[in-house]
file coords_30.txt (compact mmCIF, N, CA and C atoms and all ligand atoms)
# COMPACT_ATOMS: atom_id res chain seq x y z
N MET A 830 320.77 -144.49 105.21
CA MET A 830 321.76 -145.14 104.36
C MET A 830 322.87 -144.15 104.04
N LYS A 831 324.11 -144.63 104.02
CA LYS A 831 325.24 -143.74 103.73
C LYS A 831 325.85 -144.05 102.35
N ILE A 832 325.98 -143.01 101.56
CA ILE A 832 326.56 -143.14 100.21
C ILE A 832 327.83 -142.30 100.13
N LEU A 833 328.83 -142.90 99.53
CA LEU A 833 330.10 -142.19 99.27
C LEU A 833 330.24 -142.02 97.76
N VAL A 834 330.41 -140.78 97.32
CA VAL A 834 330.61 -140.50 95.89
C VAL A 834 332.05 -140.05 95.69
N ILE A 835 332.77 -140.77 94.86
CA ILE A 835 334.19 -140.48 94.62
C ILE A 835 334.39 -140.06 93.17
N ASN A 836 335.07 -138.95 92.99
CA ASN A 836 335.46 -138.50 91.64
C ASN A 836 336.97 -138.40 91.54
N GLY A 837 337.50 -138.92 90.45
CA GLY A 837 338.95 -138.99 90.26
C GLY A 837 339.54 -137.77 89.58
N PRO A 838 340.76 -137.93 89.08
CA PRO A 838 341.56 -136.80 88.61
C PRO A 838 340.91 -135.96 87.52
N ASN A 839 341.06 -134.66 87.71
CA ASN A 839 340.66 -133.61 86.76
C ASN A 839 339.16 -133.34 86.74
N LEU A 840 338.38 -134.13 87.44
CA LEU A 840 336.93 -133.87 87.43
C LEU A 840 336.61 -132.59 88.21
N ASN A 841 337.57 -132.10 89.01
CA ASN A 841 337.41 -130.78 89.65
C ASN A 841 337.43 -129.66 88.62
N LEU A 842 337.87 -129.97 87.39
CA LEU A 842 337.94 -128.95 86.33
C LEU A 842 336.69 -128.90 85.46
N LEU A 843 335.70 -129.69 85.82
CA LEU A 843 334.46 -129.71 85.03
C LEU A 843 333.96 -128.30 84.77
N GLY A 844 333.51 -128.09 83.54
CA GLY A 844 332.96 -126.78 83.19
C GLY A 844 334.00 -125.78 82.73
N LEU A 845 335.28 -126.05 83.06
CA LEU A 845 336.33 -125.09 82.71
C LEU A 845 336.91 -125.34 81.33
N ARG A 846 336.99 -126.63 80.95
CA ARG A 846 337.54 -126.98 79.63
C ARG A 846 336.75 -128.16 79.07
N GLU A 847 336.90 -128.39 77.77
CA GLU A 847 336.27 -129.51 77.07
C GLU A 847 334.76 -129.64 77.37
N PRO A 848 334.02 -128.52 77.25
CA PRO A 848 332.57 -128.60 77.53
C PRO A 848 331.82 -129.52 76.58
N ASP A 849 332.35 -129.66 75.34
CA ASP A 849 331.65 -130.52 74.38
C ASP A 849 331.67 -131.97 74.84
N LEU A 850 332.72 -132.33 75.57
CA LEU A 850 332.88 -133.71 76.03
C LEU A 850 332.23 -133.91 77.40
N TYR A 851 332.55 -133.00 78.32
CA TYR A 851 332.17 -133.22 79.73
C TYR A 851 331.06 -132.30 80.23
N GLY A 852 330.56 -131.43 79.36
CA GLY A 852 329.45 -130.56 79.76
C GLY A 852 329.92 -129.20 80.23
N LYS A 853 328.94 -128.31 80.41
CA LYS A 853 329.25 -126.91 80.76
C LYS A 853 329.18 -126.66 82.26
N GLN A 854 328.57 -127.58 82.97
CA GLN A 854 328.39 -127.36 84.41
C GLN A 854 329.64 -127.74 85.18
N ASP A 855 329.88 -127.04 86.28
CA ASP A 855 331.11 -127.29 87.03
C ASP A 855 330.95 -128.35 88.12
N TYR A 856 332.06 -128.64 88.79
CA TYR A 856 332.07 -129.69 89.81
C TYR A 856 331.10 -129.36 90.95
N ASN A 857 331.02 -128.07 91.32
CA ASN A 857 330.10 -127.69 92.40
C ASN A 857 328.65 -127.96 92.02
N ALA A 858 328.33 -127.74 90.74
CA ALA A 858 326.96 -128.01 90.27
C ALA A 858 326.67 -129.52 90.37
N LEU A 859 327.68 -130.32 90.04
CA LEU A 859 327.51 -131.78 90.17
C LEU A 859 327.25 -132.15 91.63
N CYS A 860 328.05 -131.57 92.52
CA CYS A 860 327.89 -131.87 93.95
C CYS A 860 326.51 -131.45 94.45
N ASP A 861 326.05 -130.27 94.02
CA ASP A 861 324.72 -129.78 94.45
C ASP A 861 323.62 -130.74 93.99
N MET A 862 323.76 -131.22 92.74
CA MET A 862 322.76 -132.15 92.18
C MET A 862 322.72 -133.45 92.98
N ILE A 863 323.90 -133.93 93.34
CA ILE A 863 324.00 -135.19 94.10
C ILE A 863 323.45 -134.98 95.52
N ARG A 864 323.81 -133.83 96.12
CA ARG A 864 323.30 -133.54 97.49
C ARG A 864 321.78 -133.53 97.51
N GLU A 865 321.20 -132.89 96.49
CA GLU A 865 319.73 -132.81 96.45
C GLU A 865 319.13 -134.21 96.31
N LYS A 866 319.75 -135.02 95.45
CA LYS A 866 319.27 -136.39 95.24
C LYS A 866 319.32 -137.20 96.53
N CYS A 867 320.31 -136.94 97.35
CA CYS A 867 320.54 -137.75 98.56
C CYS A 867 319.89 -137.15 99.81
N THR A 868 319.03 -136.17 99.63
CA THR A 868 318.36 -135.55 100.78
C THR A 868 317.73 -136.64 101.65
N GLY A 869 317.99 -136.55 102.94
CA GLY A 869 317.43 -137.55 103.87
C GLY A 869 318.34 -138.73 104.08
N HIS A 870 319.45 -138.76 103.36
CA HIS A 870 320.45 -139.83 103.51
C HIS A 870 321.79 -139.20 103.88
N GLU A 871 322.67 -140.04 104.41
CA GLU A 871 324.02 -139.56 104.70
C GLU A 871 324.84 -139.63 103.40
N LEU A 872 325.59 -138.57 103.14
CA LEU A 872 326.35 -138.49 101.88
C LEU A 872 327.73 -137.93 102.14
N GLU A 873 328.73 -138.54 101.52
CA GLU A 873 330.07 -137.94 101.51
C GLU A 873 330.51 -137.80 100.06
N LEU A 874 330.96 -136.59 99.72
CA LEU A 874 331.47 -136.32 98.37
C LEU A 874 332.97 -136.16 98.46
N PHE A 875 333.69 -136.83 97.58
CA PHE A 875 335.15 -136.80 97.64
C PHE A 875 335.70 -136.72 96.23
N GLN A 876 336.64 -135.79 96.02
CA GLN A 876 337.34 -135.71 94.73
C GLN A 876 338.83 -135.64 95.02
N SER A 877 339.61 -136.40 94.25
CA SER A 877 341.05 -136.32 94.41
C SER A 877 341.75 -136.59 93.07
N ASN A 878 342.90 -135.96 92.93
CA ASN A 878 343.73 -136.19 91.76
C ASN A 878 344.80 -137.25 92.04
N HIS A 879 344.73 -137.87 93.24
CA HIS A 879 345.81 -138.77 93.70
C HIS A 879 345.28 -140.17 93.96
N GLU A 880 345.87 -141.13 93.28
CA GLU A 880 345.41 -142.52 93.36
C GLU A 880 345.40 -143.03 94.81
N GLY A 881 346.50 -142.79 95.53
CA GLY A 881 346.60 -143.29 96.91
C GLY A 881 345.54 -142.69 97.82
N ASP A 882 345.19 -141.42 97.60
CA ASP A 882 344.15 -140.79 98.42
C ASP A 882 342.79 -141.43 98.15
N ILE A 883 342.58 -141.82 96.90
CA ILE A 883 341.31 -142.49 96.56
C ILE A 883 341.27 -143.87 97.23
N VAL A 884 342.40 -144.58 97.20
CA VAL A 884 342.49 -145.88 97.88
C VAL A 884 342.21 -145.70 99.37
N ASP A 885 342.83 -144.68 100.00
CA ASP A 885 342.61 -144.42 101.44
C ASP A 885 341.13 -144.14 101.72
N LYS A 886 340.51 -143.35 100.85
CA LYS A 886 339.09 -143.01 101.07
C LYS A 886 338.21 -144.26 100.97
N ILE A 887 338.49 -145.12 100.00
CA ILE A 887 337.72 -146.37 99.87
C ILE A 887 337.92 -147.23 101.13
N GLN A 888 339.16 -147.35 101.59
CA GLN A 888 339.43 -148.14 102.80
C GLN A 888 338.68 -147.57 104.00
N SER A 889 338.60 -146.24 104.09
CA SER A 889 337.97 -145.60 105.25
C SER A 889 336.45 -145.84 105.27
N ALA A 890 335.91 -146.28 104.13
CA ALA A 890 334.46 -146.54 104.06
C ALA A 890 334.09 -147.91 104.64
N TYR A 891 335.10 -148.73 104.89
CA TYR A 891 334.83 -150.10 105.35
C TYR A 891 333.99 -150.09 106.63
N GLY A 892 332.87 -150.78 106.58
CA GLY A 892 332.05 -150.94 107.78
C GLY A 892 331.14 -149.77 108.11
N ASN A 893 331.22 -148.67 107.35
CA ASN A 893 330.36 -147.53 107.70
C ASN A 893 329.63 -146.93 106.50
N THR A 894 329.71 -147.58 105.35
CA THR A 894 329.12 -147.02 104.12
C THR A 894 328.34 -148.11 103.39
N ASP A 895 327.13 -147.76 102.92
CA ASP A 895 326.27 -148.77 102.28
C ASP A 895 326.53 -148.90 100.78
N GLY A 896 326.96 -147.80 100.16
CA GLY A 896 327.15 -147.85 98.71
C GLY A 896 328.16 -146.81 98.25
N ILE A 897 328.90 -147.17 97.22
CA ILE A 897 329.87 -146.24 96.63
C ILE A 897 329.47 -145.97 95.18
N VAL A 898 329.52 -144.70 94.80
CA VAL A 898 329.40 -144.30 93.40
C VAL A 898 330.77 -143.73 93.04
N ILE A 899 331.39 -144.26 92.01
CA ILE A 899 332.75 -143.81 91.68
C ILE A 899 332.92 -143.54 90.20
N ASN A 900 333.46 -142.36 89.91
CA ASN A 900 334.00 -142.08 88.58
C ASN A 900 335.51 -141.96 88.76
N PRO A 901 336.24 -143.03 88.48
CA PRO A 901 337.68 -143.00 88.73
C PRO A 901 338.46 -142.19 87.70
N ALA A 902 337.75 -141.63 86.73
CA ALA A 902 338.37 -140.83 85.66
C ALA A 902 339.51 -141.63 85.00
N ALA A 903 340.68 -141.04 84.81
CA ALA A 903 341.75 -141.74 84.08
C ALA A 903 342.20 -143.01 84.80
N TYR A 904 342.04 -143.05 86.14
CA TYR A 904 342.44 -144.26 86.88
C TYR A 904 341.56 -145.47 86.55
N THR A 905 340.41 -145.21 85.93
CA THR A 905 339.55 -146.30 85.45
C THR A 905 340.36 -147.32 84.68
N HIS A 906 341.23 -146.78 83.82
CA HIS A 906 341.90 -147.61 82.81
C HIS A 906 343.26 -148.13 83.27
N THR A 907 343.69 -147.72 84.47
CA THR A 907 345.05 -148.07 84.90
C THR A 907 345.14 -148.67 86.30
N SER A 908 344.13 -148.44 87.15
CA SER A 908 344.37 -148.66 88.58
C SER A 908 343.88 -150.00 89.12
N VAL A 909 344.83 -150.90 89.25
CA VAL A 909 344.55 -152.16 89.96
C VAL A 909 344.40 -151.85 91.46
N ALA A 910 345.09 -150.81 91.94
CA ALA A 910 345.02 -150.45 93.37
C ALA A 910 343.60 -150.05 93.77
N ILE A 911 342.93 -149.28 92.92
CA ILE A 911 341.54 -148.89 93.23
C ILE A 911 340.62 -150.11 93.15
N LEU A 912 340.82 -150.93 92.13
CA LEU A 912 340.04 -152.17 92.03
C LEU A 912 340.22 -153.02 93.30
N ASP A 913 341.46 -153.20 93.72
CA ASP A 913 341.72 -154.04 94.90
C ASP A 913 341.10 -153.45 96.17
N ALA A 914 341.14 -152.12 96.30
CA ALA A 914 340.55 -151.48 97.48
C ALA A 914 339.03 -151.71 97.50
N LEU A 915 338.39 -151.58 96.34
CA LEU A 915 336.94 -151.81 96.28
C LEU A 915 336.61 -153.25 96.63
N LYS A 916 337.40 -154.17 96.10
CA LYS A 916 337.18 -155.59 96.43
C LYS A 916 337.39 -155.83 97.92
N ALA A 917 338.40 -155.18 98.49
CA ALA A 917 338.75 -155.41 99.90
C ALA A 917 337.63 -154.96 100.84
N VAL A 918 337.02 -153.80 100.55
CA VAL A 918 335.98 -153.30 101.47
C VAL A 918 334.63 -153.97 101.21
N GLY A 919 334.44 -154.49 99.98
CA GLY A 919 333.23 -155.26 99.68
C GLY A 919 331.93 -154.46 99.70
N ILE A 920 332.02 -153.18 99.45
CA ILE A 920 330.82 -152.32 99.47
C ILE A 920 330.21 -152.27 98.06
N PRO A 921 328.88 -152.44 97.94
CA PRO A 921 328.25 -152.34 96.61
C PRO A 921 328.63 -151.02 95.92
N THR A 922 329.07 -151.15 94.69
CA THR A 922 329.65 -150.01 93.97
C THR A 922 329.05 -149.87 92.58
N VAL A 923 328.75 -148.63 92.22
CA VAL A 923 328.33 -148.32 90.85
C VAL A 923 329.39 -147.41 90.23
N GLU A 924 329.83 -147.78 89.05
CA GLU A 924 330.83 -146.99 88.31
C GLU A 924 330.09 -146.06 87.35
N VAL A 925 330.54 -144.80 87.31
CA VAL A 925 329.90 -143.81 86.43
C VAL A 925 330.94 -143.16 85.54
N HIS A 926 330.59 -142.94 84.30
CA HIS A 926 331.40 -142.12 83.39
C HIS A 926 330.50 -141.13 82.68
N LEU A 927 330.96 -139.89 82.61
CA LEU A 927 330.19 -138.86 81.93
C LEU A 927 330.05 -139.18 80.45
N THR A 928 331.13 -139.67 79.87
CA THR A 928 331.14 -139.99 78.43
C THR A 928 330.98 -141.50 78.25
N ASP A 929 330.71 -141.87 77.01
CA ASP A 929 330.62 -143.31 76.71
C ASP A 929 332.02 -143.82 76.37
N ILE A 930 332.68 -144.38 77.37
CA ILE A 930 334.09 -144.78 77.18
C ILE A 930 334.25 -145.89 76.14
N ALA A 931 333.16 -146.56 75.82
CA ALA A 931 333.22 -147.62 74.80
C ALA A 931 333.32 -147.03 73.39
N GLN A 932 332.96 -145.76 73.27
CA GLN A 932 332.92 -145.10 71.95
C GLN A 932 334.08 -144.13 71.75
N ARG A 933 335.07 -144.17 72.67
CA ARG A 933 336.18 -143.22 72.56
C ARG A 933 337.46 -143.95 72.15
N GLU A 934 338.61 -143.43 72.56
CA GLU A 934 339.87 -144.06 72.16
C GLU A 934 339.94 -145.50 72.69
N GLU A 935 340.73 -146.30 72.01
CA GLU A 935 340.89 -147.71 72.37
C GLU A 935 341.28 -147.89 73.85
N PHE A 936 342.21 -147.03 74.32
CA PHE A 936 342.73 -147.22 75.68
C PHE A 936 341.69 -146.94 76.75
N ARG A 937 340.56 -146.30 76.38
CA ARG A 937 339.51 -146.03 77.38
C ARG A 937 338.51 -147.17 77.47
N LYS A 938 338.62 -148.16 76.59
CA LYS A 938 337.58 -149.20 76.52
C LYS A 938 337.67 -150.18 77.68
N HIS A 939 338.87 -150.32 78.26
CA HIS A 939 338.99 -151.25 79.38
C HIS A 939 338.91 -150.52 80.71
N SER A 940 338.09 -151.06 81.60
CA SER A 940 337.98 -150.50 82.95
C SER A 940 338.29 -151.57 83.99
N PHE A 941 339.29 -151.30 84.83
CA PHE A 941 339.57 -152.23 85.94
C PHE A 941 338.42 -152.23 86.94
N VAL A 942 337.87 -151.05 87.21
CA VAL A 942 336.80 -150.94 88.21
C VAL A 942 335.56 -151.74 87.81
N SER A 943 335.32 -151.86 86.51
CA SER A 943 334.17 -152.65 86.03
C SER A 943 334.24 -154.11 86.47
N LEU A 944 335.45 -154.57 86.79
CA LEU A 944 335.60 -155.97 87.21
C LEU A 944 334.98 -156.20 88.58
N TYR A 945 334.74 -155.09 89.33
CA TYR A 945 334.09 -155.22 90.64
C TYR A 945 332.71 -154.57 90.68
N ALA A 946 332.55 -153.46 89.98
CA ALA A 946 331.29 -152.68 90.08
C ALA A 946 330.08 -153.54 89.71
N GLU A 947 328.98 -153.34 90.46
CA GLU A 947 327.73 -154.06 90.15
C GLU A 947 327.12 -153.55 88.86
N LYS A 948 327.41 -152.29 88.57
CA LYS A 948 326.79 -151.66 87.39
C LYS A 948 327.71 -150.56 86.89
N THR A 949 327.77 -150.37 85.59
CA THR A 949 328.51 -149.25 85.01
C THR A 949 327.54 -148.41 84.18
N ILE A 950 327.51 -147.11 84.47
CA ILE A 950 326.64 -146.20 83.72
C ILE A 950 327.53 -145.22 82.98
N LYS A 951 327.39 -145.16 81.66
CA LYS A 951 328.30 -144.32 80.88
C LYS A 951 327.55 -143.54 79.82
N GLY A 952 328.07 -142.33 79.55
CA GLY A 952 327.56 -141.55 78.43
C GLY A 952 326.33 -140.72 78.75
N LEU A 953 325.95 -140.62 80.01
CA LEU A 953 324.73 -139.87 80.36
C LEU A 953 325.02 -138.56 81.06
N GLY A 954 326.29 -138.14 81.09
CA GLY A 954 326.63 -136.89 81.80
C GLY A 954 326.29 -136.99 83.27
N PHE A 955 325.90 -135.85 83.86
CA PHE A 955 325.59 -135.81 85.30
C PHE A 955 324.47 -136.79 85.67
N GLU A 956 323.54 -136.98 84.74
CA GLU A 956 322.40 -137.88 84.99
C GLU A 956 322.88 -139.29 85.41
N GLY A 957 324.05 -139.68 84.94
CA GLY A 957 324.58 -141.00 85.30
C GLY A 957 324.77 -141.17 86.80
N TYR A 958 325.19 -140.08 87.47
CA TYR A 958 325.37 -140.15 88.94
C TYR A 958 324.02 -140.36 89.63
N LEU A 959 322.99 -139.67 89.11
CA LEU A 959 321.65 -139.79 89.72
C LEU A 959 321.12 -141.20 89.53
N GLN A 960 321.36 -141.79 88.34
CA GLN A 960 320.91 -143.16 88.10
C GLN A 960 321.67 -144.15 88.98
N ALA A 961 322.95 -143.86 89.21
CA ALA A 961 323.76 -144.74 90.08
C ALA A 961 323.20 -144.71 91.50
N ILE A 962 322.84 -143.53 91.97
CA ILE A 962 322.28 -143.40 93.33
C ILE A 962 320.92 -144.11 93.39
N ASP A 963 320.11 -143.95 92.33
CA ASP A 963 318.82 -144.66 92.28
C ASP A 963 319.03 -146.18 92.36
N TYR A 964 320.06 -146.65 91.68
CA TYR A 964 320.36 -148.10 91.73
C TYR A 964 320.61 -148.52 93.18
N LEU A 965 321.38 -147.72 93.92
CA LEU A 965 321.68 -148.07 95.31
C LEU A 965 320.42 -147.95 96.18
N PHE A 966 319.62 -146.90 95.95
CA PHE A 966 318.36 -146.76 96.70
C PHE A 966 317.49 -148.00 96.48
N GLU A 967 317.36 -148.42 95.22
CA GLU A 967 316.50 -149.58 94.91
C GLU A 967 317.06 -150.84 95.54
N LYS A 968 318.37 -150.97 95.52
CA LYS A 968 319.01 -152.16 96.09
C LYS A 968 318.66 -152.30 97.58
N TYR A 969 318.63 -151.14 98.26
CA TYR A 969 318.36 -151.17 99.70
C TYR A 969 316.89 -150.90 100.03
N GLY A 970 316.04 -150.82 98.96
CA GLY A 970 314.61 -150.59 99.17
C GLY A 970 314.28 -149.24 99.77
N LYS A 971 315.05 -148.20 99.40
CA LYS A 971 314.82 -146.86 99.96
C LYS A 971 313.95 -146.02 99.04
O1 LIG A 1001 333.79 -140.03 80.94
C1 LIG A 1001 334.27 -139.96 82.06
O2 LIG A 1001 333.62 -139.63 83.06
C2 LIG A 1001 335.76 -140.23 82.29
O3 LIG A 1001 335.89 -140.97 83.50
C3 LIG A 1001 336.42 -138.87 82.38
C4 LIG A 1001 337.94 -138.95 82.49
C5 LIG A 1001 338.53 -139.85 81.41
O4 LIG A 1001 339.91 -140.02 81.63
C6 LIG A 1001 337.84 -141.22 81.37
O5 LIG A 1001 338.39 -141.95 80.30
C7 LIG A 1001 336.36 -141.07 81.17
C8 LIG A 1001 338.58 -137.58 82.37
C9 LIG A 1001 338.06 -136.56 83.33
C10 LIG A 1001 338.66 -135.24 82.98
O6 LIG A 1001 337.74 -134.23 83.26
C11 LIG A 1001 337.96 -133.00 82.72
C12 LIG A 1001 337.01 -132.05 82.99
C13 LIG A 1001 337.15 -130.79 82.46
C14 LIG A 1001 338.24 -130.46 81.70
C15 LIG A 1001 339.20 -131.42 81.45
C16 LIG A 1001 339.06 -132.69 81.96
call {"tool": "encode", "arguments": {"input": "coords_30.txt", "output": "structure tokens", "more": "lines below"}}
Ligand code: CA2
result
Amino acid sequence: MKILVINGPNLNLLGLREPDLYGKQDYNALCDMIREKCTGHELELFQSNHEGDIVDKIQSAYGNTDGIVINPAAYTHTSVAILDALKAVGIPTVEVHLTDIAQREEFRKHSFVSLYAEKTIKGLGFEGYLQAIDYLFEKYGK
């Protein structure tokens, strides 16, 4: 089974700033944790600060990827383009947020991606990515 994990803007800065909010571990530690979880499966990890690059990556998954795990970061709350790309490729998707976006500022409460995602996991830090992958494993009986 092939899984694509997408992280949006500024998540490459994990561990460098705002540790109280996003944790002390860096982006490489997140990738290592996900790689270990996906042992025996095909995995692609992608991070970008650019909306169009994220759209391109979602489009490139069409027909060759079984599941997407995405933390669109700030684009969660603004990007119809990412929502449309996910809808277009039709790949089962789990949305992840490190923080509980329902408990933060008003503008973070709405997620465009949630309109397509089969499941949204929020507020669990890195563990949320592992639960998202478990959801996809269970969906495909792996
Ligand atoms: O809780 C999440 O995972 C978010 O997707 C994180 C986004 C935020 O815009 C969303 O509302 C919720 C922000 C990611 C920024 O990551 C940083 C990491 C280290 C230092 C600064 C920012």
call {"tool": "select_by_dssp", "arguments": {"input": "coords_30.txt", "residues": "segment 848-940 of chain A", "states": "helix (DSSP H, G or I)", "output": "PyMOL selection string"}}
result
chain A and resi 848-851+856-866+880-889+902-906+909-918+930-932+935-937
call {"tool": "closest_residue", "arguments": {"input": "coords_30.txt", "among": "A:Asn900, A:Thr868, A:Gln888, A:Ser908", "to": "ligand LIG 1001 (chain A)", "atoms": "only C-alpha atoms and all ligand atoms"}}
result
A:Asn900
call {"tool": "closest_residue", "arguments": {"input": "coords_30.txt", "among": "A:Val925, A:Lys831, A:Ser877, A:Val898", "to": "ligand LIG 1001 (chain A)", "atoms": "all atoms listed in the file"}}
result
A:Val925
call {"tool": "residues_near_ligand", "arguments": {"input": "coords_30.txt", "ligand": "ligand LIG 1001 (chain A)", "cutoff": "5 Å", "atoms": "all atoms listed in the file", "output": "MDAnalysis selection string"}}
result
chainID A and resid 839:840 842:844 846:847 902:903 926:928
call {"tool": "residues_around", "arguments": {"input": "coords_30.txt", "residues": "segment 961-968 of chain A", "least_positions_apart": "3", "cutoff": "8 Å", "atoms": "all atoms listed in the file", "output": "ChimeraX atom specification"}}
result
/A:866-867,895-899,921-925,948-950,956-958,971
call {"tool": "closest_residue", "arguments": {"input": "coords_30.txt", "among": "A:Ile930, A:Leu959, A:Met830, A:Ile835", "to": "Phe875 of chain A", "atoms": "only N, CA and C atoms"}}
result
A:Ile835
call {"tool": "atom_distance", "arguments": {"input": "coords_30.txt", "atom1": "atom C of Ala858 of chain A", "atom2": "atom N of Ile883 of chain A"}}
result
21.1 Å
call {"tool": "atom_distance", "arguments": {"input": "coords_30.txt", "atom1": "atom N of Asn857 of chain A", "atom2": "atom CA of Ile887 of chain A"}}
result
21.3 Å
call {"tool": "residues_around", "arguments": {"input": "coords_30.txt", "residues": "Leu845 of chain A", "least_positions_apart": "4", "cutoff": "6.5 Å", "atoms": "only N, CA and C atoms", "output": "count of residues only"}}
result
3
call {"tool": "residues_around", "arguments": {"input": "coords_30.txt", "residues": "Tyr945 of chain A", "least_positions_apart": "3", "cutoff": "7 Å", "atoms": "only N, CA and C atoms", "output": "ChimeraX atom specification"}}
result
/A:912,915-916,922,941-942,948
call {"tool": "select_by_dssp", "arguments": {"input": "coords_30.txt", "residues": "segment 830-955 of chain A", "states": "strand (DSSP E or B)", "output": "MDAnalysis selection string"}}
result
chainID A and resid 831:836 871:876 896:900 922:926 948:951
call {"tool": "atom_distance", "arguments": {"input": "coords_30.txt", "atom1": "atom CA of Leu850 of chain A", "atom2": "atom CA of Asp929 of chain A"}}
result
9.9 Å
call {"tool": "residues_around", "arguments": {"input": "coords_30.txt", "residues": "His939 of chain A", "least_positions_apart": "3", "cutoff": "7 Å", "atoms": "only N, CA and C atoms", "output": "list in words"}}
result
Thr905, His906, Thr907, Ile930, Glu935, Phe936, Val942 and Ser943 of chain A
call {"tool": "closest_residue", "arguments": {"input": "coords_30.txt", "among": "A:Ala931, A:Glu871, A:Asn841, A:Tyr969", "to": "Gly952 of chain A", "atoms": "only C-alpha atoms"}}
result
A:Ala931
call {"tool": "closest_residue", "arguments": {"input": "coords_30.txt", "among": "A:Ile832, A:His879, A:Ile911, A:Leu859", "to": "Asn893 of chain A", "atoms": "only C-alpha atoms"}}
result
A:Ile832
call {"tool": "closest_residue", "arguments": {"input": "coords_30.txt", "among": "A:Gly837, A:Gly852, A:Gly919, A:Gly954", "to": "Asn878 of chain A", "atoms": "only N, CA and C atoms"}}
result
A:Gly837
call {"tool": "build_atoms", "arguments": {"input": "coords_30.txt", "residues": "segment 921-926 of chain A", "atoms": "all heavy atoms", "output": "compact mmCIF listing (two decimals), keeping the file's coordinate frame"}}
result
# COMPACT_ATOMS: atom_id res chain seq x y z
N PRO A 921 328.88 -152.44 97.94
CA PRO A 921 328.25 -152.34 96.61
C PRO A 921 328.63 -151.02 95.92
O PRO A 921 328.52 -149.94 96.52
CB PRO A 921 326.75 -152.39 96.93
CG PRO A 921 326.68 -153.16 98.20
CD PRO A 921 327.92 -152.76 98.99
N THR A 922 329.07 -151.15 94.69
CA THR A 922 329.65 -150.01 93.97
C THR A 922 329.05 -149.87 92.58
O THR A 922 328.86 -150.88 91.87
CB THR A 922 331.18 -150.20 93.86
OG1 THR A 922 331.73 -150.17 95.18
CG2 THR A 922 331.83 -149.13 93.01
N VAL A 923 328.75 -148.63 92.22
CA VAL A 923 328.33 -148.32 90.85
C VAL A 923 329.39 -147.41 90.23
O VAL A 923 329.80 -146.41 90.84
CB VAL A 923 326.95 -147.64 90.80
CG1 VAL A 923 326.52 -147.42 89.35
CG2 VAL A 923 325.91 -148.45 91.55
N GLU A 924 329.83 -147.78 89.05
CA GLU A 924 330.83 -146.99 88.31
C GLU A 924 330.09 -146.06 87.35
O GLU A 924 329.15 -146.49 86.68
CB GLU A 924 331.71 -147.97 87.52
CG GLU A 924 332.72 -147.33 86.60
CD GLU A 924 333.45 -148.38 85.75
OE1 GLU A 924 333.05 -149.58 85.76
OE2 GLU A 924 334.42 -148.00 85.06
N VAL A 925 330.54 -144.80 87.31
CA VAL A 925 329.90 -143.81 86.43
C VAL A 925 330.94 -143.16 85.54
O VAL A 925 332.06 -142.86 86.00
CB VAL A 925 329.19 -142.71 87.27
CG1 VAL A 925 328.67 -141.59 86.38
CG2 VAL A 925 328.06 -143.29 88.09
N HIS A 926 330.59 -142.94 84.30
CA HIS A 926 331.40 -142.12 83.39
C HIS A 926 330.50 -141.13 82.68
O HIS A 926 329.43 -141.50 82.20
CB HIS A 926 332.13 -142.99 82.36
CG HIS A 926 333.10 -143.91 83.01
ND1 HIS A 926 334.29 -143.48 83.53
CD2 HIS A 926 333.01 -145.22 83.31
CE1 HIS A 926 334.91 -144.49 84.10
NE2 HIS A 926 334.16 -145.57 83.99
